[in-house]
Amino acid sequence: MSSEGQQLSIPPRCSNISQAEREEPTKAMIRRRNLLFLFIVFTLAALVDVVIASRSELWPDEVFSLATATGHSLEQPAAFASPTLGDFVDSDHPVPAKEFRHYVKHDDPPASPARVIRAVLLSDTNPPLYYLLLYGWTFIFGTSDIVLRVFSVVCSLACLPLLAGVARRTGGRGAVFPACVLFAFSPLAIYYSTEGRMYSLLWLCVLATTWASLILHQRGRGIAIYMLWIAGSVAGFLTHYFFVFPWLAILLYLLIRPGRLARRRLAACVILTSLLILPWYLKLPESLATWRISQGWLRLQPPGFDRWGASLGLITQPFSWQHVHQPSLIGYRLLLWRLVKHQWLIQHVHQPWIGYRVSYICALILFGFVGVAMVWRLRFHICGRGKLLLWLIFGAASAAPCAVDFVQHTYMVARERYALAALPVAYIFAAVGLACFRRRARLLMLVLILVAWLPGVLAIYRNRLPWFPMREIARAVSANSRPTDLILVHSIPSGVIDVARYSNDSAELVSWIGQLRTRRVPESIRKLAAGRARIVFVKVHDSREPAPEEDWLRSNAVVSEEVRMGSAYVVKFRPINSETF
């Protein structure tokens, strides 16, 4: 037999294979399995978000997003309105519903990006990046409800790879899967991932900057990572002003624990970021000083407000947020505070939504157990391996509304969206805690958390906006409308447009924007009502603005029907002893 044949007949000797070579296939299999699990999470998250996004109509804030992204300003003073530039105008006579709809569509020819920036300066108190990106998105795909919301869904899904990267670098491989599952299926994340606002883009910016910071801390080099850090920072500053709080936390971490990152390079990144955002921030004082229709709404105290309870709710909301009608949402955020004050049991028994409250408490208990286990297991390493960065970001983002309230005397702590920048790192923290458990215990805890969240997710699926049933409102005011009817909508411009968006084409509407002071009672209401056989009055939500036209109608007409729908109510009036007004 030849030497070649002898070599082929000799069996391989396992003893000559190193330990690393034997473990390599196992590591590859584990890596493929983990990627498969993450792909499944990504796919299910996309399916859940798209289904929920398609099941409800837009509410006024989302209509505002569409109007601004298509170059229409809605909130400017009446004297500054320019119809030729697409600004909202309070018409002096009723017009078909489709006339209001043009504010949420692209003009022909379309507005320029410069007009979008003008609309942001006049109407909004947020930077322009979200609206510019939405401008391009809607220009390509249209301005339907689902198109608007899918843009937010795409930004949310883009967070998952970055979330996995941050979780792996702070909690190890065992934290990756739990972090992605918690972010993908929490009620709070689902709700804001399917809303046509800038919050999921804000998450993407926070995560991109956090991930790049961890890489720079560990490696200290890589031009692409420096560019990502600068791009994430610039995008965050141009998406939401509250990005400054987590960004300052990131900067503080890199200053006190630079790792391999040279401080002079960090300074160069900060300077370049500042130069790139400077053109917009030079306009910020002018923008914030501009009067808007919804000016000062954050200074209105919510019913049943408790500042300590609301502040505590900002910290616990990522773990136990539940979807209920708006008044009860504030109550949920105060529930933990009532627990502390030993007042919860009596109120718990006599209040509705018992199932949601049980779910709320169970979620808090589960996450509390995870937190205790994490502290016990990690002990003195609770701030090691990048975890200090998570602590700083979560603390800064959660405390931001409290800080602004202290300076501005507002009530931001009652609105959970102002602390949403803390949400991704909150779930990474929870995943770090879950990684302290053995695999089976970790999966069991994860399943129990998802079960506790399930009532909230199902509530969002059934009715995402119970306090703004805009399609139902529009149907109630326009279903049987006749040419002799007048539909009078008392709201801010986005609320008026929202009603018109879902009204039938035969309906004629007129807006009553109290803040604009362009109408007077009784002169304006008499002019609008003259010759009408019926007036349908709708107040979309309580903006704390008086409705003198409603008072006049109640004194000078007969109420034929009155119904409340969520935060809105509809009243139908008929003349007294005559066919028309």
# chains A, B, ... in the order shown; residues from 1 in each chain; ligands from 1

$ select_by_dssp --residues "segment 399-526 of chain A" --states "strand (DSSP E or B)" --output "JSON, numbers by chain"
{"A": [485, 486, 487, 488, 489, 490, 508, 509, 510, 511, 512]}

$ residues_around --residues "segment 76-93 of chain A" --least-positions-apart "6" --cutoff "7 Å" --atoms "only C-alpha atoms" --output "PyMOL selection string"
chain A and resi 122-123+291-293+510-511+516+528

$ write_last_selection --atoms "C-alpha atoms" --output "CSV table (one decimal), in the first residue's frame"
chain,number,residue,atom,x,y,z
A,122,LEU,CA,-43.6,78.4,14.6
A,123,SER,CA,-45.5,75.6,16.1
A,291,TRP,CA,-46.5,82.2,21.4
A,292,ARG,CA,-48.4,79.0,20.5
A,293,ILE,CA,-52.0,78.0,20.8
A,510,VAL,CA,-66.1,75.2,11.3
A,511,SER,CA,-63.4,75.5,13.9
A,516,LEU,CA,-56.7,82.6,18.8
A,528,LEU,CA,-72.3,81.0,11.9

$ residues_around --residues "Phe185 of chain A" --least-positions-apart "3" --cutoff "8 Å" --atoms "only C-alpha atoms" --output "list of chain:residue names"
A:Ala45, A:Val181, A:Leu182, A:Ala189, A:Ile190, A:Leu450, A:Val457

$ residues_around --residues "segment 257-260 of chain A" --least-positions-apart "5" --cutoff "10 Å" --atoms "only C-alpha atoms" --output "PyMOL selection string"
chain A and resi 213-221+251-252+266+386+388-389

$ select_by_dssp --residues "segment 420-528 of chain A" --states "helix (DSSP H, G or I)" --output "NGL selection string"
:A and (420-434 or 439-462 or 470-478 or 493-501 or 514-516 or 523-528)

$ closest_residue --among "A:Leu47, A:Leu160, A:Ile271, A:Ala441" --to "Ala179 of chain A" --atoms "only C-alpha atoms"
A:Leu160

$ residues_around --residues "Ala452 of chain A" --least-positions-apart "3" --cutoff "6 Å" --atoms "only C-alpha atoms" --output "JSON, numbers by chain"
{"A": [359, 363, 449]}

$ atom_distance --atom1 "atom CA of Ala69 of chain A" --atom2 "atom CA of Leu133 of chain A"
8.2 Å

$ closest_residue --among "A:His240, A:Tyr226, A:Thr125, A:Thr70" --to "Ala262 of chain A" --atoms "only C-alpha atoms"
A:Tyr226

$ atom_distance --atom1 "atom CA of Ala184 of chain A" --atom2 "atom CA of Ile315 of chain A"
19.1 Å

$ atom_distance --atom1 "atom CA of Leu392 of chain A" --atom2 "atom CA of Leu248 of chain A"
9.0 Å
